[in-house]
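Take a look at the structure set out below.
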Amino acid sequence: MNPVAIIGAGVTGLTAAFYLKRKGIPVTVYESSGRVGGVIRSLRQDGYLAEFGPNTLLETSPKIGQLIRDAGLESRRLDPDPKAEARYVVRYQRPIAMPGSPLGFFTTPLFSSRAKLAVLREPFVPPRRDGKEESIAEFVVRRLNQEFLDQAIDALVAGIYAGDPYKLSVPHAFPKLAQLEADYGSLIKGQIFGARARKKRGEIAKDRAPKFSFDEGLQVLTETLAERLGNSVRLNTTITNLSQSPVGWALEWRREREEARAEHGAVIYAGTAFRLAELNVEAPRAISLAPFAEIRYPPVASVVLGFRRGDVKHPCEGFGMLIPRVEGFHILGTIFSSSLFPNRAPAGHLTLTSYIGGERSPELASSPPDKLVALTCEDLRTLLGVRGQPTFQHTVYYPRAIPQYNVGYGRYRQLMADVEANAPGLFLAGHYRDGVSLSDSIVSGCRVADRVEQHFRVSQPVLFPASAAA
Ligand SMILES: Cc1cc2nc3c(=O)[nH]c(=O)nc-3n(C[C@H](O)[C@H](O)[C@H](O)COP(=O)(O)OP(=O)(O)OC[C@H]3O[C@@H](n4cnc5c(N)ncnc54)[C@H](O)[C@@H]3O)c2cc1C
């Protein structure tokens with residue numbers, strides 16, 4: 001019997017498995033699809049490299065760099081072109097570079113004088129102390145103004161969550177903003193006076209964290225982790241049942257038409273919230289997984305297009321552009337993929353990665369590929385001066401893409417803690433619990449490996465190999 005079963009071979013499950021194995025604790029990873037990586041998907045074709053899920057990994061924690069070193073991937077790491085720092089936000093139907101300094105902010109055409117005054121006023125807006133959980137829209141309008149919400153935050157929220165700012169919770173989806181207000185009474189004061197405290201904690205703010213990928217895309221990471229795990233990864237295997245046994249947990253699975261079961265000392269569930277709700281769990285103490293089906297994952301389509309350099313008027317130098325809803329386009333935003341990383345397009349061409357759908361227009365995400373490409377080209381014509389037909393096109397539809405940490409999400413997080421308390425040896429980890437970004441998922445995978453190790457040290461020292469006790 002392998003001590004630990006891990007359900008899900010996305011980046012969370014593979015990271016947890018990799019570190020447990022390094023700690024000397026054998027694992028089996030069960031993955032229902034025919035491939036590892038979960039939502040991470042990179043495709044090399046016709047000289048292009050398309051990235052359909054995440055495009056970059058942010059080094060927000062020392063654990064990210066550590067994983068890259070431990071997996072032996074340092075030589076394959078690809079840092080972005082330093083010239084690709086610029087980020088654009090669309091206003092007046094054109095991309096405008098986001099200001100990079102306080103002086104730039106006060107001279108940018110992105111915001112009106114009224115919005116600029118709102119920033120100067122922000123340190124004097126009293127913090128909210130009544131404990132009401134606000135949406136990010138309510139928070140921004142209260143501390144800044146409606147224009148900030150409509151022109152900047154709406155676009156940012158689309159870029160991170162493909163979400164609705166009127167629904168996303170400040171303490172759950174943007175915990176650092178909530179913390180800045182609680183600790184310093186103001187976002188601006190928190191930015192200035194909190195820098196030293198963040199440095200001391202070894203934290204790097206998401207907007208300043210180094211971002212990177214790999215020579216052949218982010219899939220390099222998940223494929224390498226899977227290689228290191230060898231035949232411990234079982235593809236096409238869907239776990240349907242978990243039941244607590246005297247030695248731990250019995251898992252039942254479906255693999256093609258065959259059904260089988262195995263015993264494990266502990267189980268990590270590193271799948272999605274909606275599939276957690278489908279699991280049938282038998283344990284002495286009642287646990288309820290059904291509410292996890294309520295967690296909303298809006299659909300998103302990724303549209304990766306290649307163009308001849310000469311067919312695109314805009315220089316496309318930078319990270320990409322975000323588009324607020326009020327501008328009335330179909331796409332949520334576009335990453336200038338081949339400007340970010342050098343090997344994403346053949347010479348004389350460029351790659352643009354756009355997203356359609358999310359909470360803004362969920363019905364569009366499931367459009368047929370030709371329509372997705374046509375809608376994207378229509379927007380790119382207006383925004384970037386694209387002419388002619390794409391030289392490369394590929395779309396991927398994610399029917400349930402990113403969980404929405406909406407107002408009230410605390411109820412689900414509490415339920416996750418209750419499940420773990422009532423079902424010892426069952427651990428929940430990943431994007432539906434510890435943050436939606438790739439780096440959050442990696443940190444979640446590292447932490448759950450430590451928690452499982454601790455669980456064995458306390459509950460089953462017999463299973464714990466002597467070599468790992470050092
Ligand atoms: C379109 C898109 C763009 C994104 N862009 C970015 C970005 O640019 N930067 C960033 O930081 N993050 C981004 N993210 C988010 C990031 O990619 C994810 O948060 C992260 O990859 C989640 O990893 P995970 O392992 O937790 O889950 P997943 O990748 O969802 O993996 C879960 C796995 O569990 C398996 N599974 C579920 N239930 C079972 C079961 N019962 N039995 C067996 N297997 C099961 C599933 O098949 C799946 O393979 C993006 C996400 C999407 C969808």
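Order determines the names: the first chain of the structure tokens is A, the second B, and so forth; residues in each chain are numbered 1 upward, and ligands are numbered 1 upward as they are shown.
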
Please identify the helix (DSSP H, G or I) residues within segment 27-237 of chain A (assignment by DSSP from backbone atoms) and present them as JSON, numbers by chain. {"A": [62, 63, 64, 65, 66, 67, 68, 69, 70, 74, 75, 76, 82, 83, 84, 85, 102, 103, 104, 105, 106, 107, 113, 114, 115, 116, 117, 118, 119, 120, 121, 122, 123, 124, 136, 137, 138, 139, 140, 141, 142, 143, 146, 147, 148, 149, 150, 151, 152, 153, 154, 155, 156, 157, 158, 159, 160, 161, 170, 171, 172, 173, 175, 176, 177, 178, 179, 180, 181, 182, 183, 184, 187, 188, 189, 190, 191, 192, 193, 195, 196, 197, 198, 199, 200, 219, 220, 221, 222, 223, 224, 225, 226, 227, 228, 229, 230, 231, 232]}

Would you write out, as a tab-separated table, a table of all residues in chain A that have an atom no more than 8 Å from an atom of ligand 1, listing for each the closest atom pair and the distance in Å to one decimal, considering only C-alpha atoms and all ligand atoms and ordering rows by chain and rising residue number?
residue	atom	partner	partner_atom_place_in_ligand_line	distance
A:Ile7	CA	ligand 1	43 (C)	5.0
A:Gly8	CA	ligand 1	34 (O)	3.2
A:Ala9	CA	ligand 1	33 (C)	5.0
A:Gly10	CA	ligand 1	25 (O)	3.3
A:Val11	CA	ligand 1	25 (O)	4.0
A:Thr12	CA	ligand 1	25 (O)	3.8
A:Gly13	CA	ligand 1	25 (O)	5.7
A:Leu14	CA	ligand 1	25 (O)	7.5
A:Tyr30	CA	ligand 1	43 (C)	5.1
A:Glu31	CA	ligand 1	44 (N)	3.7
A:Ser32	CA	ligand 1	43 (C)	4.0
A:Ser33	CA	ligand 1	47 (O)	5.1
A:Arg35	CA	ligand 1	49 (O)	7.5
A:Val36	CA	ligand 1	49 (O)	6.2
A:Gly37	CA	ligand 1	29 (O)	5.9
A:Gly38	CA	ligand 1	29 (O)	3.3
A:Val39	CA	ligand 1	29 (O)	4.1
A:Ile40	CA	ligand 1	21 (O)	5.7
A:Phe52	CA	ligand 1	1 (C)	6.2
A:Gly53	CA	ligand 1	2 (C)	3.8
A:Pro54	CA	ligand 1	5 (N)	3.2
A:Asn55	CA	ligand 1	8 (O)	4.4
A:Thr56	CA	ligand 1	8 (O)	5.1
A:Leu57	CA	ligand 1	11 (O)	5.3
A:Leu58	CA	ligand 1	11 (O)	6.3
A:Ile160	CA	ligand 1	6 (C)	7.1
A:Asn236	CA	ligand 1	43 (C)	7.8
A:Thr237	CA	ligand 1	43 (C)	5.8
A:Thr238	CA	ligand 1	42 (N)	3.7
A:Ile239	CA	ligand 1	42 (N)	4.0
A:Thr240	CA	ligand 1	41 (N)	5.8
A:Trp253	CA	ligand 1	42 (N)	7.7
A:Tyr269	CA	ligand 1	38 (N)	7.8
A:Ala270	CA	ligand 1	34 (O)	5.8
A:Gly271	CA	ligand 1	34 (O)	3.5
A:Thr272	CA	ligand 1	37 (C)	5.3
A:Arg275	CA	ligand 1	38 (N)	5.1
A:Leu276	CA	ligand 1	38 (N)	6.5
A:Glu278	CA	ligand 1	41 (N)	7.7
A:Leu279	CA	ligand 1	41 (N)	6.6
A:Val300	CA	ligand 1	1 (C)	6.1
A:Ala301	CA	ligand 1	1 (C)	6.9
A:Ser302	CA	ligand 1	1 (C)	6.2
A:Tyr355	CA	ligand 1	1 (C)	7.4
A:Tyr398	CA	ligand 1	53 (C)	6.4
A:Arg400	CA	ligand 1	53 (C)	7.6
A:Ala401	CA	ligand 1	53 (C)	4.1
A:Ile402	CA	ligand 1	53 (C)	5.4
A:Ala429	CA	ligand 1	26 (O)	7.3
A:Gly430	CA	ligand 1	26 (O)	3.9
A:His431	CA	ligand 1	26 (O)	4.2
A:Tyr432	CA	ligand 1	26 (O)	7.0
A:Gly435	CA	ligand 1	19 (O)	7.3
A:Val436	CA	ligand 1	19 (O)	4.3
A:Ser437	CA	ligand 1	11 (O)	3.6
A:Leu438	CA	ligand 1	11 (O)	3.7
A:Ser439	CA	ligand 1	11 (O)	5.6
A:Asp440	CA	ligand 1	19 (O)	7.3
A:Ser441	CA	ligand 1	26 (O)	5.2
A:Ile442	CA	ligand 1	23 (O)	7.9

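If you measure from each of A:Ile96, A:Ala290, A:Ala209, A:Ile136 to Leu177 of chain A using only C-alpha atoms, the closest one turns out to be A:Ile136.
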
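Among the candidates A:Ala423, A:Cys377, A:Val233, A:Ile268, the residue lying nearest to Arg285 of chain A is A:Ala423 (atoms considered: only C-alpha atoms).
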
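In this model, the gap between atom CA of Leu426 of chain A and atom CA of Trp249 of chain A comes to 8.2 Å.
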
Shell of 9 Å around Gln146 of chain A, only C-alpha atoms, local chain residues under 5 positions omitted, as a PyMOL selection string: chain A and resi 115+137+140-141+151

Which residues are near Pro3 of chain A? Cut-off 8 Å, only C-alpha atoms, ignore same chain within fewer than 6 positions. Put them as a PyMOL selection string. chain A and resi 25-27+264-266+463

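Note that atom CA of Leu322 of chain A and atom CA of Arg87 of chain A are 8.0 Å apart.
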
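Of note, atom CA of Leu67 of chain A and atom CA of Glu420 of chain A are spaced 26.1 Å apart.
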
For Glu181 of chain A, work out the shell of residues within 12 Å, counting only C-alpha atoms and skipping chain neighbours fewer than 4 positions away, then give it as a PyMOL selection string. chain A and resi 122-129+139-140+142-143+170-171+174-177+185-191+194

Produce a file of the selected residues containing N, CA, C and O atoms, as a tab-separated table (two decimals), in the first residue's frame.
chain	number	residue	atom	x	y	z
A	122	GLU	N	-7.65	59.47	-1.01
A	122	GLU	CA	-7.82	58.11	-0.44
A	122	GLU	C	-7.25	57.95	0.97
A	122	GLU	O	-7.90	57.36	1.85
A	123	PRO	N	-6.06	58.49	1.30
A	123	PRO	CA	-5.54	58.31	2.67
A	123	PRO	C	-6.44	58.90	3.75
A	123	PRO	O	-6.32	58.53	4.91
A	124	PHE	N	-7.35	59.81	3.35
A	124	PHE	CA	-8.21	60.45	4.35
A	124	PHE	C	-9.59	59.79	4.44
A	124	PHE	O	-10.42	60.21	5.24
A	125	VAL	N	-9.84	58.79	3.60
A	125	VAL	CA	-11.14	58.09	3.67
A	125	VAL	C	-11.08	57.13	4.86
A	125	VAL	O	-10.17	56.29	4.93
A	126	PRO	N	-12.01	57.25	5.80
A	126	PRO	CA	-11.90	56.39	6.99
A	126	PRO	C	-12.06	54.91	6.64
A	126	PRO	O	-12.84	54.57	5.74
A	127	PRO	N	-11.30	54.05	7.31
A	127	PRO	CA	-11.45	52.62	7.02
A	127	PRO	C	-12.80	52.10	7.52
A	127	PRO	O	-13.35	52.65	8.45
A	128	ARG	N	-13.29	51.05	6.88
A	128	ARG	CA	-14.55	50.46	7.30
A	128	ARG	C	-14.26	49.55	8.50
A	128	ARG	O	-13.39	48.69	8.42
A	129	ARG	N	-14.97	49.75	9.58
A	129	ARG	CA	-14.69	48.96	10.78
A	129	ARG	C	-15.89	48.13	11.23
A	129	ARG	O	-15.86	47.55	12.29
A	139	PHE	N	-15.87	48.28	-2.48
A	139	PHE	CA	-14.64	48.72	-1.82
A	139	PHE	C	-13.98	49.86	-2.62
A	139	PHE	O	-13.60	50.89	-2.06
A	140	VAL	N	-13.87	49.65	-3.93
A	140	VAL	CA	-13.16	50.63	-4.77
A	140	VAL	C	-13.96	51.93	-4.87
A	140	VAL	O	-13.40	53.02	-4.78
A	142	ARG	N	-16.03	53.07	-2.64
A	142	ARG	CA	-15.95	53.73	-1.33
A	142	ARG	C	-14.59	54.41	-1.13
A	142	ARG	O	-14.51	55.55	-0.69
A	143	ARG	N	-13.49	53.73	-1.49
A	143	ARG	CA	-12.17	54.30	-1.19
A	143	ARG	C	-11.66	55.21	-2.32
A	143	ARG	O	-10.85	56.09	-2.06
A	170	VAL	N	-13.76	41.13	-1.28
A	170	VAL	CA	-12.44	41.72	-0.98
A	170	VAL	C	-11.62	40.80	-0.07
A	170	VAL	O	-10.49	40.44	-0.41
A	171	PRO	N	-12.15	40.36	1.10
A	171	PRO	CA	-11.27	39.56	1.97
A	171	PRO	C	-10.87	38.21	1.35
A	171	PRO	O	-9.80	37.69	1.67
A	174	PHE	N	-9.21	39.36	-2.73
A	174	PHE	CA	-8.12	40.35	-2.69
A	174	PHE	C	-7.70	40.57	-1.24
A	174	PHE	O	-7.80	41.69	-0.71
A	175	PRO	N	-7.25	39.51	-0.57
A	175	PRO	CA	-7.00	39.62	0.87
A	175	PRO	C	-5.96	40.68	1.23
A	175	PRO	O	-6.02	41.30	2.28
A	176	LYS	N	-5.02	40.94	0.30
A	176	LYS	CA	-3.97	41.92	0.64
A	176	LYS	C	-4.56	43.33	0.71
A	176	LYS	O	-4.12	44.13	1.53
A	177	LEU	N	-5.55	43.63	-0.13
A	177	LEU	CA	-6.19	44.95	-0.07
A	177	LEU	C	-6.92	45.11	1.26
A	177	LEU	O	-6.83	46.14	1.92
A	185	GLY	N	-5.24	51.66	7.44
A	185	GLY	CA	-6.38	52.57	7.27
A	185	GLY	C	-6.50	53.11	5.86
A	185	GLY	O	-7.43	53.84	5.55
A	186	SER	N	-5.55	52.75	4.97
A	186	SER	CA	-5.57	53.31	3.61
A	186	SER	C	-4.69	52.45	2.70
A	186	SER	O	-3.66	51.91	3.14
A	187	LEU	N	-5.06	52.37	1.42
A	187	LEU	CA	-4.25	51.59	0.47
A	187	LEU	C	-2.94	52.31	0.17
A	187	LEU	O	-1.88	51.68	0.09
A	188	ILE	N	-3.03	53.62	0.00
A	188	ILE	CA	-1.82	54.39	-0.34
A	188	ILE	C	-0.84	54.33	0.83
A	188	ILE	O	0.35	54.05	0.66
A	189	LYS	N	-1.36	54.57	2.05
A	189	LYS	CA	-0.45	54.53	3.21
A	189	LYS	C	0.14	53.13	3.37
A	189	LYS	O	1.31	52.97	3.68
A	190	GLY	N	-0.68	52.13	3.13
A	190	GLY	CA	-0.22	50.74	3.26
A	190	GLY	C	0.87	50.42	2.25
A	190	GLY	O	1.83	49.72	2.56
A	191	GLN	N	0.72	50.96	1.02
A	191	GLN	CA	1.74	50.74	-0.01
A	191	GLN	C	3.07	51.32	0.44
A	191	GLN	O	4.12	50.72	0.29
A	194	GLY	N	3.96	49.88	4.34
A	194	GLY	CA	3.97	48.42	4.51
A	194	GLY	C	5.12	47.74	3.79
A	194	GLY	O	5.36	46.55	3.96

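Considering only C-alpha atoms, the residue among A:Thr382, A:Thr60, A:Asn231, A:Gln454 positioned nearest to Arg198 of chain A is A:Thr60.
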
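Taking only C-alpha atoms into account, Lys83 of chain A lies nearest to A:Pro342 out of the set A:Gly24, A:Pro165, A:Gly385, A:Pro342.
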
Taking 5 positions as the minimum chain separation for residues in the same chain, which residues sit within 10 Å of Leu380 of chain A when counting only C-alpha atoms? Answer as a PyMOL selection string. chain A and resi 312+314+329+331+334+352+354+374-375+385-387

Using only C-alpha atoms, can you tell me which of A:Lys200, A:Arg413, A:Arg44, A:Lys313 comes closest to Arg433 of chain A? A:Arg413

Could you name the residues that touch Pro102 of chain A at 12 Å or less, counting only C-alpha atoms, but leaving out those on the same chain fewer than 4 positions away, as a VMD selection string? chain A and resid 98 106 to 108 116 119 to 120 188

Take the residues that were just selected and, keeping C-alpha atoms, output them as a PDB file, in the first residue's frame.
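Produced file again.pdb, reproduced below:
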ATOM      1  CA  MET A  98      -0.460  52.089 -17.551  1.00  0.00           C
ATOM      2  CA  PHE A 106      -0.737  62.320 -12.691  1.00  0.00           C
ATOM      3  CA  THR A 107      -0.027  62.883 -16.387  1.00  0.00           C
ATOM      4  CA  THR A 108      -1.670  59.770 -17.899  1.00  0.00           C
ATOM      5  CA  LYS A 116      -6.525  61.545  -9.847  1.00  0.00           C
ATOM      6  CA  VAL A 119      -6.198  59.015  -5.195  1.00  0.00           C
ATOM      7  CA  LEU A 120      -4.953  62.074  -3.300  1.00  0.00           C
ATOM      8  CA  ILE A 188      -1.821  54.386  -0.344  1.00  0.00           C
TER       9      ILE A 188
END

Assign secondary structure with DSSP using the backbone only, and return the residues of segment 254-361 of chain A in strand (DSSP E) as a VMD selection string. chain A and resid 254 to 255 258 to 264 266 to 269 280 to 282 300 to 308 320 to 322 331 to 335 349 to 357

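Among the candidate residues A:Val90, A:Ala155, A:Val267, A:Gln404, the one lying nearest to Asn2 of chain A is A:Val267, with distances computed using only C-alpha atoms.
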